[in-house]
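**Student:** Input file: upload22.cif. Contents: mmCIF, C-alpha atoms.
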```cif
data_query
loop_
_atom_site.label_atom_id
_atom_site.label_comp_id
_atom_site.auth_asym_id
_atom_site.auth_seq_id
_atom_site.Cartn_x
_atom_site.Cartn_y
_atom_site.Cartn_z
CA MET A 1264 48.47 -4.65 13.60
CA SER A 1265 47.61 -6.67 16.64
CA THR A 1266 49.86 -9.50 17.63
CA ASN A 1267 47.03 -11.49 19.14
CA ASN A 1268 46.73 -14.78 17.40
CA ASN A 1269 43.08 -15.07 16.68
CA ILE A 1270 40.51 -12.36 17.15
CA THR A 1271 36.87 -12.83 16.35
CA LEU A 1272 34.92 -9.98 14.83
CA TYR A 1273 31.18 -10.36 15.10
CA PHE A 1274 29.36 -8.81 12.23
CA LYS A 1275 25.66 -8.21 11.83
CA ALA A 1276 24.84 -7.32 8.25
CA GLU A 1277 21.71 -5.41 7.32
CA GLN A 1278 19.41 -6.55 4.54
CA ASN A 1279 19.09 -3.18 2.90
CA VAL A 1280 21.01 0.05 3.36
CA GLU A 1281 20.55 3.42 1.74
CA LEU A 1282 23.54 5.66 1.40
CA GLN A 1283 23.99 9.22 0.35
CA SER A 1284 27.71 9.06 -0.30
CA GLU A 1285 29.21 7.43 -3.37
CA ASP A 1286 31.57 5.22 -1.41
CA VAL A 1287 30.45 2.16 0.46
CA TYR A 1288 32.45 1.39 3.58
CA ILE A 1289 32.12 -1.69 5.76
CA LYS A 1290 30.64 0.40 8.56
CA ASP A 1291 27.73 1.28 6.26
CA ILE A 1292 26.42 -2.22 5.73
CA GLY A 1293 26.14 -3.51 9.26
CA LYS A 1294 27.10 -3.37 12.89
CA MET A 1295 30.11 -5.11 14.34
CA ILE A 1296 31.93 -5.72 17.59
CA CYS A 1297 35.48 -6.82 18.16
CA ALA A 1298 37.61 -7.21 21.27
CA ASP A 1299 40.34 -5.12 19.69
CA ALA A 1300 39.13 -1.54 19.31
CA ASN A 1301 42.00 -0.69 16.99
CA ILE A 1302 41.13 -3.40 14.51
CA LEU A 1303 37.47 -2.52 14.76
CA ALA A 1304 38.13 1.09 13.86
CA LYS A 1305 40.27 0.09 10.89
CA VAL A 1306 37.85 -2.54 9.64
CA LYS A 1307 35.04 -0.02 9.65
CA THR A 1308 36.82 2.19 7.15
CA ILE A 1309 37.61 -0.50 4.59
CA LYS A 1310 36.11 0.63 1.30
CA LEU A 1311 33.94 -1.96 -0.42
CA TYR A 1312 32.58 -0.25 -3.47
CA HIS A 1313 32.40 3.02 -5.31
CA PHE A 1314 29.28 4.07 -7.19
CA LYS A 1315 30.43 5.51 -10.49
CA LYS A 1316 28.50 8.16 -12.33
CA GLY A 1317 25.79 6.82 -14.63
CA GLU A 1318 25.97 3.37 -13.11
CA ARG A 1319 23.21 1.38 -11.49
CA LYS A 1320 22.40 2.98 -8.18
CA ARG A 1321 21.66 -0.38 -6.63
CA GLN A 1322 24.20 -3.07 -5.88
CA VAL A 1323 24.17 -6.31 -3.97
CA ILE A 1324 27.23 -7.02 -1.89
CA SER A 1325 27.87 -10.57 -0.79
CA MET A 1326 29.09 -11.06 2.76
CA LEU A 1327 31.79 -13.34 1.33
CA LYS A 1328 33.28 -10.26 -0.30
CA VAL A 1329 33.17 -8.40 3.01
CA ILE A 1330 34.80 -11.26 4.90
CA ASP A 1331 37.39 -11.57 2.17
CA GLU A 1332 38.26 -7.88 2.41
CA ILE A 1333 38.52 -8.00 6.19
CA GLU A 1334 40.64 -11.11 6.25
CA LYS A 1335 42.90 -9.75 3.51
CA ALA A 1336 43.61 -6.71 5.65
CA PHE A 1337 43.76 -8.56 8.96
CA PRO A 1338 44.67 -12.22 8.43
CA ASN A 1339 44.38 -13.01 12.12
CA VAL A 1340 40.77 -11.84 12.37
CA THR A 1341 37.97 -14.36 12.08
CA VAL A 1342 34.70 -12.88 10.96
CA GLU A 1343 31.54 -14.28 12.41
CA ASN A 1344 28.48 -13.07 10.50
CA LEU A 1345 25.27 -13.04 12.49
CA GLY A 1346 23.13 -11.11 10.04
CA GLU A 1347 22.15 -11.31 6.39
CA ILE A 1348 24.41 -13.01 3.86
CA ASP A 1349 23.76 -10.53 1.07
CA VAL A 1350 23.35 -6.81 1.49
CA LEU A 1351 21.40 -4.59 -0.85
CA VAL A 1352 23.07 -1.20 -1.12
CA GLU A 1353 21.23 1.69 -2.69
CA GLN A 1354 22.64 5.08 -3.39
CA ILE A 1355 20.02 7.76 -3.01
CA ASN A 1356 20.04 11.46 -3.65
CA VAL A 1357 19.78 13.64 -0.62
CA ASP A 1358 16.56 15.34 -1.62
CA LYS A 1359 14.73 12.18 -2.64
CA HIS A 1360 12.88 11.83 0.64
CA LYS A 1361 12.06 15.47 1.22
CA GLY A 1362 10.59 18.48 -0.40
CA PRO A 1363 7.55 19.23 -2.53
CA VAL A 1364 7.97 16.16 -4.72
CA GLN A 1365 7.32 13.96 -1.74
CA ALA A 1366 4.34 16.04 -0.68
CA VAL A 1367 2.89 15.58 -4.16
CA LYS A 1368 3.48 11.85 -3.98
CA ILE A 1369 1.81 11.61 -0.59
CA ALA A 1370 -1.15 13.62 -1.85
CA PHE A 1371 -1.38 11.40 -4.92
CA VAL A 1372 -1.34 8.13 -3.00
CA SER A 1373 -3.69 9.58 -0.39
CA LEU A 1374 -6.18 10.52 -3.08
CA ILE A 1375 -5.97 7.05 -4.59
CA SER A 1376 -6.51 5.49 -1.19
CA PHE A 1377 -9.42 7.79 -0.42
CA PHE A 1378 -11.36 7.56 -3.66
CA GLY A 1379 -10.36 3.96 -4.24
CA THR A 1380 -11.71 2.71 -0.94
CA ALA A 1381 -14.78 4.94 -1.25
CA PHE A 1382 -15.47 3.36 -4.61
CA THR A 1383 -14.75 -0.14 -3.29
CA ILE A 1384 -17.25 0.11 -0.44
CA MET A 1385 -19.87 1.71 -2.69
CA ALA A 1386 -19.44 -1.00 -5.29
CA PHE A 1387 -19.62 -3.61 -2.54
CA HIS A 1388 -22.86 -2.14 -1.18
CA ASN A 1389 -24.26 -2.01 -4.68
CA ASP A 1390 -23.17 -5.59 -5.30
CA ILE A 1391 -24.91 -7.02 -2.28
CA GLY A 1392 -27.89 -4.67 -2.69
CA ILE A 1393 -27.54 -3.40 0.84
CA ASN A 1394 -30.53 -1.07 0.68
CA GLU A 1395 -32.86 -3.92 -0.26
CA VAL A 1396 -31.44 -6.12 2.48
CA PHE A 1397 -31.91 -3.35 5.03
CA SER A 1398 -35.46 -2.48 3.99
CA LYS A 1399 -36.37 -6.18 4.07
CA LEU A 1400 -34.91 -6.40 7.55
CA TYR A 1401 -36.86 -3.32 8.60
CA GLU A 1402 -40.02 -4.97 7.46
CA MET A 1403 -39.21 -8.20 9.27
CA VAL A 1404 -38.38 -6.55 12.57
CA THR A 1405 -40.75 -3.60 12.78
CA GLY A 1406 -43.61 -5.10 10.77
CA GLN A 1407 -43.91 -2.05 8.57
CA ALA A 1408 -41.95 -0.91 5.55
CA GLY A 1409 -39.16 1.40 6.62
CA ASP A 1410 -38.21 4.51 4.69
CA GLY A 1411 -34.70 3.09 4.52
CA TYR A 1412 -32.94 5.75 6.56
CA GLY A 1413 -33.27 4.85 10.18
CA ILE A 1414 -31.46 3.37 13.11
CA LEU A 1415 -30.22 0.35 11.16
CA GLU A 1416 -28.31 2.38 8.60
CA ILE A 1417 -26.85 4.69 11.22
CA ALA A 1418 -25.84 1.76 13.42
CA TYR A 1419 -24.31 0.02 10.41
CA SER A 1420 -22.21 3.06 9.61
CA ILE A 1421 -21.09 3.37 13.22
CA GLY A 1422 -20.23 -0.33 13.30
CA LEU A 1423 -18.24 0.05 10.10
CA ALA A 1424 -16.32 2.98 11.53
CA VAL A 1425 -15.59 1.17 14.80
CA GLY A 1426 -14.58 -1.98 12.93
CA ILE A 1427 -12.13 -0.13 10.72
CA THR A 1428 -10.67 1.75 13.65
CA VAL A 1429 -10.13 -1.44 15.62
CA PHE A 1430 -8.77 -3.16 12.54
CA PHE A 1431 -6.30 -0.43 11.70
CA ASN A 1432 -5.56 0.18 15.33
CA HIS A 1433 -5.44 3.93 15.36
CA ILE A 1434 -7.58 7.03 15.53
CA GLY A 1435 -6.27 10.20 13.94
CA GLY A 1436 -2.58 9.34 14.17
CA ARG A 1437 -2.76 7.94 17.68
CA ARG A 1438 -2.33 4.24 18.23
CA ILE A 1439 -4.87 2.38 20.34
CA THR A 1440 -2.49 -0.40 21.33
CA LYS A 1441 1.27 -0.63 20.84
CA ASP A 1442 1.06 -3.19 18.06
CA PRO A 1443 2.05 -2.10 14.59
CA THR A 1444 -0.92 -1.46 12.33
CA PRO A 1445 -1.73 -4.08 9.66
CA ILE A 1446 -0.50 -1.85 6.86
CA GLU A 1447 2.78 -1.29 8.69
CA VAL A 1448 3.21 -5.07 9.02
CA GLU A 1449 2.31 -5.52 5.36
CA MET A 1450 4.77 -2.75 4.46
CA ARG A 1451 7.67 -4.53 6.17
CA VAL A 1452 6.73 -7.83 4.56
CA TYR A 1453 6.61 -6.15 1.18
CA GLU A 1454 9.97 -4.43 1.67
CA SER A 1455 11.66 -7.62 2.70
CA ASP A 1456 10.13 -9.48 -0.25
CA VAL A 1457 11.40 -6.80 -2.63
CA ASN A 1458 14.88 -6.94 -1.10
CA LYS A 1459 14.98 -10.72 -1.41
CA ALA A 1460 13.83 -10.57 -5.02
CA LEU A 1461 16.45 -7.94 -5.88
CA ILE A 1462 19.20 -9.93 -4.19
CA GLU A 1463 18.21 -13.14 -5.99
CA THR A 1464 17.99 -11.36 -9.33
CA ALA A 1465 21.45 -9.87 -8.86
CA ASP A 1466 22.76 -13.30 -7.94
CA ARG A 1467 21.19 -14.95 -10.98
CA GLU A 1468 22.42 -12.29 -13.36
CA GLY A 1469 25.89 -12.51 -11.91
CA LYS A 1470 25.86 -8.84 -10.99
CA MET A 1471 26.48 -9.40 -7.29
CA ILE A 1472 29.67 -7.98 -5.85
CA ASP A 1473 31.25 -11.20 -4.71
CA VAL A 1474 34.57 -12.98 -4.38
CA ASP A 1475 35.69 -14.36 -7.73
CA MET B 1064 -40.97 0.05 19.60
CA LEU B 1065 -37.90 0.90 21.59
CA ILE B 1066 -36.87 -2.72 21.90
CA LYS B 1067 -37.13 -3.10 18.14
CA GLN B 1068 -34.94 -0.03 17.66
CA ILE B 1069 -32.36 -1.41 20.06
CA PHE B 1070 -32.44 -4.73 18.25
CA MET B 1071 -31.88 -2.95 14.96
CA ALA B 1072 -29.00 -0.96 16.41
CA VAL B 1073 -27.31 -4.11 17.66
CA LEU B 1074 -27.80 -5.76 14.28
CA GLY B 1075 -26.47 -2.75 12.42
CA ILE B 1076 -23.37 -2.42 14.55
CA SER B 1077 -22.57 -6.09 14.20
CA PHE B 1078 -23.04 -5.97 10.43
CA GLY B 1079 -20.75 -2.99 10.12
CA PHE B 1080 -18.12 -4.56 12.34
CA VAL B 1081 -17.92 -7.80 10.42
CA VAL B 1082 -18.14 -6.14 7.00
CA SER B 1083 -15.25 -3.82 7.79
CA GLY B 1084 -13.18 -6.80 8.92
CA GLY B 1085 -13.97 -8.73 5.75
CA VAL B 1086 -13.47 -5.90 3.29
CA PHE B 1087 -10.18 -4.83 4.81
CA THR B 1088 -8.71 -8.28 5.10
CA VAL B 1089 -9.10 -8.63 1.35
CA LEU B 1090 -7.64 -5.19 0.78
CA LEU B 1091 -4.69 -5.94 3.04
CA SER B 1092 -3.86 -9.40 1.84
CA VAL B 1093 -3.55 -7.94 -1.64
CA GLY B 1094 -1.03 -5.51 -0.20
CA LEU B 1095 -1.93 -2.63 -2.46
CA ILE B 1096 -1.19 0.33 -0.23
CA PRO B 1097 2.24 -0.89 0.92
CA ARG B 1098 3.05 -1.29 -2.73
CA PHE B 1099 2.03 2.26 -3.55
CA ALA B 1100 4.01 3.53 -0.58
CA GLY B 1101 7.01 1.44 -1.57
CA LYS B 1102 6.98 2.66 -5.16
CA MET B 1103 6.67 6.27 -4.08
CA HIS B 1104 9.23 5.98 -1.25
CA ILE B 1105 6.82 7.33 1.35
CA ALA B 1106 6.78 4.33 3.67
CA ASP B 1107 7.32 6.60 6.68
CA LYS B 1108 4.02 8.38 6.00
CA ILE B 1109 1.98 5.21 6.11
CA PHE B 1110 -0.22 6.64 8.86
CA VAL B 1111 -1.57 9.28 6.52
CA LEU B 1112 -2.44 6.62 3.98
CA GLU B 1113 -4.25 4.53 6.57
CA GLU B 1114 -6.19 7.61 7.62
CA MET B 1115 -7.21 8.13 4.02
CA VAL B 1116 -8.31 4.51 3.71
CA VAL B 1117 -10.50 4.93 6.79
CA LEU B 1118 -11.93 8.27 5.64
CA GLY B 1119 -12.47 7.02 2.11
CA THR B 1120 -14.38 3.99 3.30
CA LEU B 1121 -16.57 6.09 5.56
CA ALA B 1122 -17.24 8.58 2.79
CA GLY B 1123 -18.20 5.81 0.40
CA ASP B 1124 -20.34 4.23 3.09
CA PHE B 1125 -22.30 7.40 3.70
CA LEU B 1126 -22.71 8.11 0.01
CA SER B 1127 -24.10 4.67 -0.75
CA ILE B 1128 -26.15 4.03 2.41
CA PHE B 1129 -27.74 7.44 2.56
CA SER B 1130 -27.70 7.96 -1.20
CA ASP B 1131 -31.17 9.52 -1.32
CA ARG B 1132 -30.39 12.02 1.42
CA LEU B 1133 -27.00 13.08 0.14
CA ASN B 1134 -27.92 14.77 -3.10
CA ILE B 1135 -25.32 17.49 -2.73
CA GLY B 1136 -25.74 18.73 -6.27
CA LYS B 1137 -29.50 19.17 -5.95
CA TRP B 1138 -29.06 20.86 -2.59
CA VAL B 1139 -26.51 23.35 -3.91
CA LEU B 1140 -28.62 24.16 -6.97
CA ALA B 1141 -31.80 24.49 -4.92
CA HIS B 1142 -30.24 26.90 -2.44
CA ASN B 1143 -28.67 29.11 -5.09
CA LEU B 1144 -25.56 29.80 -3.08
CA SER B 1145 -24.26 32.59 -5.30
CA GLY B 1146 -27.00 33.80 -7.63
CA SER B 1147 -28.78 31.47 -10.03
CA ALA B 1148 -26.56 31.77 -13.13
CA GLY B 1149 -23.38 31.94 -11.08
CA THR B 1150 -24.27 28.86 -9.08
CA ILE B 1151 -24.98 26.78 -12.13
CA THR B 1152 -21.69 27.62 -13.86
CA ALA B 1153 -19.61 27.35 -10.71
CA TRP B 1154 -21.21 24.12 -9.63
CA SER B 1155 -20.87 22.55 -13.06
CA ILE B 1156 -17.12 23.22 -12.90
CA ILE B 1157 -16.79 22.01 -9.31
CA SER B 1158 -18.87 18.91 -9.87
CA ASN B 1159 -16.88 18.01 -12.98
CA VAL B 1160 -13.64 18.37 -11.04
CA ILE B 1161 -15.01 16.12 -8.30
CA LEU B 1162 -16.20 13.56 -10.84
CA ILE B 1163 -12.89 13.55 -12.70
CA MET B 1164 -10.99 13.11 -9.44
CA TYR B 1165 -13.30 10.34 -8.28
CA GLY B 1166 -13.12 8.58 -11.63
CA ALA B 1167 -9.39 8.89 -12.18
CA PHE B 1168 -8.26 7.93 -8.69
CA SER B 1169 -10.73 5.12 -8.15
CA GLY B 1170 -9.81 3.90 -11.64
CA ILE B 1171 -6.14 3.74 -10.67
CA PHE B 1172 -7.07 1.95 -7.48
CA VAL B 1173 -9.27 -0.63 -9.17
CA GLY B 1174 -6.76 -1.21 -11.97
CA ALA B 1175 -4.01 -1.82 -9.44
CA LEU B 1176 -6.34 -3.98 -7.35
CA ALA B 1177 -7.30 -6.15 -10.32
CA LEU B 1178 -3.71 -6.83 -11.29
CA ALA B 1179 -2.65 -7.29 -7.68
CA ILE B 1180 -5.30 -9.97 -7.24
CA ALA B 1181 -4.22 -11.62 -10.51
CA GLU B 1182 -0.67 -11.56 -9.25
CA MET B 1183 -1.60 -12.93 -5.83
CA LEU B 1184 -3.03 -15.97 -7.59
CA ASN B 1185 0.27 -16.32 -9.47
CA THR B 1186 -1.40 -16.17 -12.87
CA ILE B 1187 1.39 -14.30 -14.56
CA PRO B 1188 4.33 -16.38 -13.25
CA ILE B 1189 2.53 -19.65 -13.99
CA PHE B 1190 1.60 -18.64 -17.52
CA SER B 1191 5.00 -17.24 -18.34
CA ARG B 1192 6.61 -20.46 -17.10
CA ARG B 1193 4.24 -22.75 -18.98
CA ILE B 1194 4.73 -21.10 -22.33
CA GLY B 1195 8.42 -20.48 -21.84
CA PHE B 1196 8.10 -16.73 -21.71
CA ARG B 1197 11.45 -15.02 -21.39
CA HIS B 1198 11.17 -11.60 -22.97
CA GLY B 1199 8.38 -9.21 -23.68
CA LEU B 1200 6.74 -9.24 -20.30
CA GLY B 1201 6.45 -5.47 -20.62
CA ILE B 1202 4.43 -5.87 -23.83
CA ALA B 1203 2.19 -8.43 -22.14
CA ILE B 1204 1.51 -6.04 -19.26
CA LEU B 1205 0.85 -3.20 -21.69
CA SER B 1206 -1.60 -5.43 -23.55
CA VAL B 1207 -3.39 -6.20 -20.29
CA ALA B 1208 -3.68 -2.49 -19.56
CA LEU B 1209 -4.93 -1.65 -23.05
CA GLY B 1210 -7.36 -4.55 -22.93
CA LYS B 1211 -8.77 -3.23 -19.67
CA LEU B 1212 -9.05 0.27 -21.11
CA ILE B 1213 -10.87 -0.92 -24.23
CA GLY B 1214 -13.06 -3.31 -22.27
CA SER B 1215 -14.06 -0.57 -19.89
CA LEU B 1216 -14.86 1.83 -22.74
CA ILE B 1217 -16.97 -0.83 -24.48
CA TYR B 1218 -18.73 -1.65 -21.24
CA PHE B 1219 -19.82 1.93 -20.69
CA SER B 1220 -20.42 2.96 -24.32
CA GLN B 1221 -22.42 -0.14 -25.26
CA GLN B 1222 -24.24 -0.14 -21.91
CA VAL B 1223 -23.28 -3.73 -21.17
CA PHE B 1224 -24.51 -3.22 -17.61
CA LEU B 1225 -28.11 -3.12 -18.87
CA CYS B 1226 -28.09 -6.70 -20.15
CA GLY B 1227 -27.32 -9.72 -18.04
CA GLY B 1228 -27.24 -9.80 -14.29
CA VAL B 1229 -30.60 -8.59 -13.10
#
```
Mind turning this structure into structure tokens?
**Tutor:**
Amino acid sequence: MSTNNNITLYFKAEQNVELQSEDVYIKDIGKMICADANILAKVKTIKLYHFKKGERKRQVISMLKVIDEIEKAFPNVTVENLGEIDVLVEQINVDKHKGPVQAVKIAFVSLISFFGTAFTIMAFHNDIGINEVFSKLYEMVTGQAGDGYGILEIAYSIGLAVGITVFFNHIGGRRITKDPTPIEVEMRVYESDVNKALIETADREGKMIDVD
Amino acid sequence: MLIKQIFMAVLGISFGFVVSGGVFTVLLSVGLIPRFAGKMHIADKIFVLEEMVVLGTLAGDFLSIFSDRLNIGKWVLAHNLSGSAGTITAWSIISNVILIMYGAFSGIFVGALALAIAEMLNTIPIFSRRIGFRHGLGIAILSVALGKLIGSLIYFSQQVFLCGGV
């Protein structure tokens, strides 16, 4: 152990980590730096938790517990946490994110997205009576009743396509600008909301892994 | 005549542009697709889902705007693609498969959308807090689902769409 009097270890905890192993080590739940490489290496291998068989695969570990473990092992180390204060740890099976099951899931959600939005836009057009609006407009502009399938409808469809493409910011898997697409933004917001809710639930139910 | 056509084209493009913005802002603020992706653990394939949203909207757009020109069923039956009897049997199977897929998947989408909107307005949390609801939320949700199922069946079987509205 180092003889230095007071060493600071900077720790940046993640909000959510997914592990494949059954043991949770400190190195799994965040990144850290420390002036003393020896201490750093030892801290990283401190074991925090072990997922037992048949137990909940999702645990919340309080940073207090982490700091407690580190300072128990190295009393002269001060831990400075720069990241999250609670970490959600999930144990996942190796094959969960691969294989035919995932392909089926993607196909399923894709089909929902496809038919769902097709239905939504059709119902919307039906709701606003778009064909009547367009034929009325034809009459107003050209002075004669249109057959309902002319330049206006084609231009509307093109406009819709361009609008969606600009809105979603990509054409066929290629981004137009470097910004994340709206659904990607929404995805991150949703994930962080879920993590927060899980952490708060664990806290309220007293199931968080914390100092006693 | 040309100037009128150009005017129409400009109008049409602007309509489409603004409508797509409006429709998708609603869809996004409800956050339905991220939720599907999150539940299914396929967040890394979100591009595919966005593609499907775009394609689905365009397909629906074409089907409803050009509804009189896109009578695929009539076209197939009129052209007798594989002998008259064969075409009729084959097409009745294919068209039923298409209809079942359209119905089932758009049903899932609309069901999720309805509850997501209800949830965005905080109906469920507010109610459950007001009446001191602690347990049985699962039963409440199941009741909502069954209510929707029965309501939908009544709507179609009793032809509710014929009365009211227009």
**Student:** Between atom CA of A:Ile1348 and atom CA of A:Ile1302, what is the distance in Å, rounded to a tenth?
**Tutor:**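 Straight-line distance from atom CA of A:Ile1348 to atom CA of A:Ile1302 works out to 22.0 Å.
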**Student:** What are the residues of chain A lining chain B at 6 Å or less? Count only C-alpha atoms, and put the answer as a VMD selection string.
**Tutor:** chain A and resid 1373 1375 to 1381 1384 to 1385 1414 to 1415 1418 to 1419 1422 to 1423 1426 to 1427 1450
**Student:** Nearest to B:Ala1177 among B:Ile1135, B:Ala1208, B:Ile1161, B:Cys1226, with distances taken over all atoms listed in the file: which residue is it?
**Tutor:** B:Ala1208
**Student:** Atom CA of A:Asn1279 and atom CA of A:Lys1294 are how many Å apart?
**Tutor:**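 Taking atom CA of A:Asn1279 and atom CA of A:Lys1294, their separation equals 12.8 Å.
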**Student:** Between atom CA of B:Gln1221 and atom CA of A:Phe1382, measure the distance and give it in Å to one decimal.
**Tutor:**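 Computing it gives 22.1 Å between the two atoms.
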**Student:** Take the PyMOL selection byres ((chain A and resi 1283) around 9), apply it to the structure above, and return the hits as a PyMOL selection string.
**Tutor:** chain A and resi 1281-1282+1284-1286+1353-1357
**Student:** Would you translate the PyMOL selection byres ((chain A and resi 1298) around 8) into the concrete set of residues it matches in this file, as number ranges by chain?
**Tutor:** A: 1270-1272, 1296-1297, 1299-1300
**Student:** Export C-alpha atoms of the chosen residues as a PDB file, in the frame of the given file?
**Tutor:**
```
ATOM      1  CA  ILE A1270      40.510 -12.360  17.150  1.00  0.00           C
ATOM      2  CA  THR A1271      36.870 -12.830  16.350  1.00  0.00           C
ATOM      3  CA  LEU A1272      34.920  -9.980  14.830  1.00  0.00           C
ATOM      4  CA  ILE A1296      31.930  -5.720  17.590  1.00  0.00           C
ATOM      5  CA  CYS A1297      35.480  -6.820  18.160  1.00  0.00           C
ATOM      6  CA  ASP A1299      40.340  -5.120  19.690  1.00  0.00           C
ATOM      7  CA  ALA A1300      39.130  -1.540  19.310  1.00  0.00           C
TER       8      ALA A1300
END
```
**Student:** With distances taken over all atoms listed in the file, which of A:Val1323, A:Leu1311, A:Ala1408, A:Val1280 is nearest to A:Glu1468?
**Tutor:** A:Val1323
**Student:** Give me the result of the PyMOL selection byres ((chain A and resi 1324) around 12) on this file, residue by residue, as a PyMOL selection string.
**Tutor:** chain A and resi 1276-1280+1287-1289+1291-1293+1311-1313+1321-1323+1325-1332+1347-1353+1461-1463+1465-1466+1469-1474
**Student:** When you count all atoms listed in the file, which of these residues is closest to A:Leu1345: A:Met1403, A:Ile1439, A:Met1295, A:Leu1374?
**Tutor:** A:Met1295
**Student:** Identify, on the basis of only C-alpha atoms, every residue whose closest approach to A:Lys1307 does not exceed 7 Å; exclude the query and any residue fewer than 2 positions from it along the same chain; express the result as a list of chain:residue names.
**Tutor:** A:Tyr1288, A:Ile1289, A:Lys1290, A:Leu1303, A:Ala1304, A:Lys1305, A:Ile1309
**Student:** Let me have the centre and edge lengths in Å, one decimal, of the box along x, y and z around every listed atom of stretch 1127-1135 of chain B with 5 Å of margin on each side, as JSON.
**Tutor:**
```
{"center_x": -27.6, "center_y": 10.8, "center_z": -0.3, "size_x": 17.1, "size_y": 23.5, "size_z": 15.7}
```
**Student:** Can you pull out every residue within 12 Å of B:Ser1191, counting all atoms listed in the file, but drop anything in the same chain fewer than 6 positions away, and send it as a count of residues only?
**Tutor:** 7
**Student:** Just the residues within 10 Å of A:Pro1443, please, counting only C-alpha atoms, with nothing from its chain fewer than 3 positions along; format it as a ChimeraX atom specification.
**Tutor:** /A:1431-1433,1438,1440,1446-1449
**Student:** Export C-alpha atoms of the chosen residues as a compact mmCIF listing (two decimals), keeping the file's coordinate frame?
**Tutor:**
```txt
# COMPACT_ATOMS: atom_id res chain seq x y z
CA PHE A 1431 -6.30 -0.43 11.70
CA ASN A 1432 -5.56 0.18 15.33
CA HIS A 1433 -5.44 3.93 15.36
CA ARG A 1438 -2.33 4.24 18.23
CA THR A 1440 -2.49 -0.40 21.33
CA ILE A 1446 -0.50 -1.85 6.86
CA GLU A 1447 2.78 -1.29 8.69
CA VAL A 1448 3.21 -5.07 9.02
CA GLU A 1449 2.31 -5.52 5.36
```
**Student:** Output requested as a PDB file, in the frame of the given file - stretch 1386-1399 of chain A, filled out with N, CA and C atoms.
**Tutor:**
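For reference, part.pdb as written:
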```pdb
ATOM      1  N   ALA A1386     -19.200   0.097  -4.363  1.00  0.00           N
ATOM      2  CA  ALA A1386     -19.440  -1.000  -5.290  1.00  0.00           C
ATOM      3  C   ALA A1386     -19.863  -2.255  -4.527  1.00  0.00           C
ATOM      4  N   PHE A1387     -19.264  -2.445  -3.354  1.00  0.00           N
ATOM      5  CA  PHE A1387     -19.620  -3.610  -2.540  1.00  0.00           C
ATOM      6  C   PHE A1387     -21.076  -3.513  -2.073  1.00  0.00           C
ATOM      7  N   HIS A1388     -21.470  -2.322  -1.605  1.00  0.00           N
ATOM      8  CA  HIS A1388     -22.860  -2.140  -1.180  1.00  0.00           C
ATOM      9  C   HIS A1388     -23.824  -2.353  -2.330  1.00  0.00           C
ATOM     10  N   ASN A1389     -23.417  -1.853  -3.497  1.00  0.00           N
ATOM     11  CA  ASN A1389     -24.260  -2.010  -4.680  1.00  0.00           C
ATOM     12  C   ASN A1389     -24.385  -3.479  -5.063  1.00  0.00           C
ATOM     13  N   ASP A1390     -23.244  -4.180  -4.962  1.00  0.00           N
ATOM     14  CA  ASP A1390     -23.170  -5.590  -5.300  1.00  0.00           C
ATOM     15  C   ASP A1390     -24.128  -6.428  -4.467  1.00  0.00           C
ATOM     16  N   ILE A1391     -24.097  -6.194  -3.164  1.00  0.00           N
ATOM     17  CA  ILE A1391     -24.910  -7.020  -2.280  1.00  0.00           C
ATOM     18  C   ILE A1391     -26.308  -6.436  -2.144  1.00  0.00           C
ATOM     19  N   GLY A1392     -26.577  -5.285  -2.783  1.00  0.00           N
ATOM     20  CA  GLY A1392     -27.890  -4.670  -2.690  1.00  0.00           C
ATOM     21  C   GLY A1392     -28.259  -4.353  -1.258  1.00  0.00           C
ATOM     22  N   ILE A1393     -27.399  -3.584  -0.604  1.00  0.00           N
ATOM     23  CA  ILE A1393     -27.540  -3.400   0.840  1.00  0.00           C
ATOM     24  C   ILE A1393     -28.850  -2.705   1.197  1.00  0.00           C
ATOM     25  N   ASN A1394     -29.311  -1.787   0.330  1.00  0.00           N
ATOM     26  CA  ASN A1394     -30.530  -1.070   0.680  1.00  0.00           C
ATOM     27  C   ASN A1394     -31.751  -1.989   0.683  1.00  0.00           C
ATOM     28  N   GLU A1395     -31.764  -2.953  -0.260  1.00  0.00           N
ATOM     29  CA  GLU A1395     -32.860  -3.920  -0.260  1.00  0.00           C
ATOM     30  C   GLU A1395     -32.806  -4.797   0.982  1.00  0.00           C
ATOM     31  N   VAL A1396     -31.588  -5.263   1.305  1.00  0.00           N
ATOM     32  CA  VAL A1396     -31.440  -6.120   2.480  1.00  0.00           C
ATOM     33  C   VAL A1396     -31.935  -5.385   3.720  1.00  0.00           C
ATOM     34  N   PHE A1397     -31.534  -4.117   3.847  1.00  0.00           N
ATOM     35  CA  PHE A1397     -31.910  -3.350   5.030  1.00  0.00           C
ATOM     36  C   PHE A1397     -33.412  -3.099   5.090  1.00  0.00           C
ATOM     37  N   SER A1398     -34.028  -2.783   3.922  1.00  0.00           N
ATOM     38  CA  SER A1398     -35.460  -2.480   3.990  1.00  0.00           C
ATOM     39  C   SER A1398     -36.238  -3.766   4.285  1.00  0.00           C
ATOM     40  N   LYS A1399     -35.745  -4.888   3.763  1.00  0.00           N
ATOM     41  CA  LYS A1399     -36.370  -6.180   4.070  1.00  0.00           C
ATOM     42  C   LYS A1399     -36.297  -6.450   5.580  1.00  0.00           C
TER      43      LYS A1399
END
```
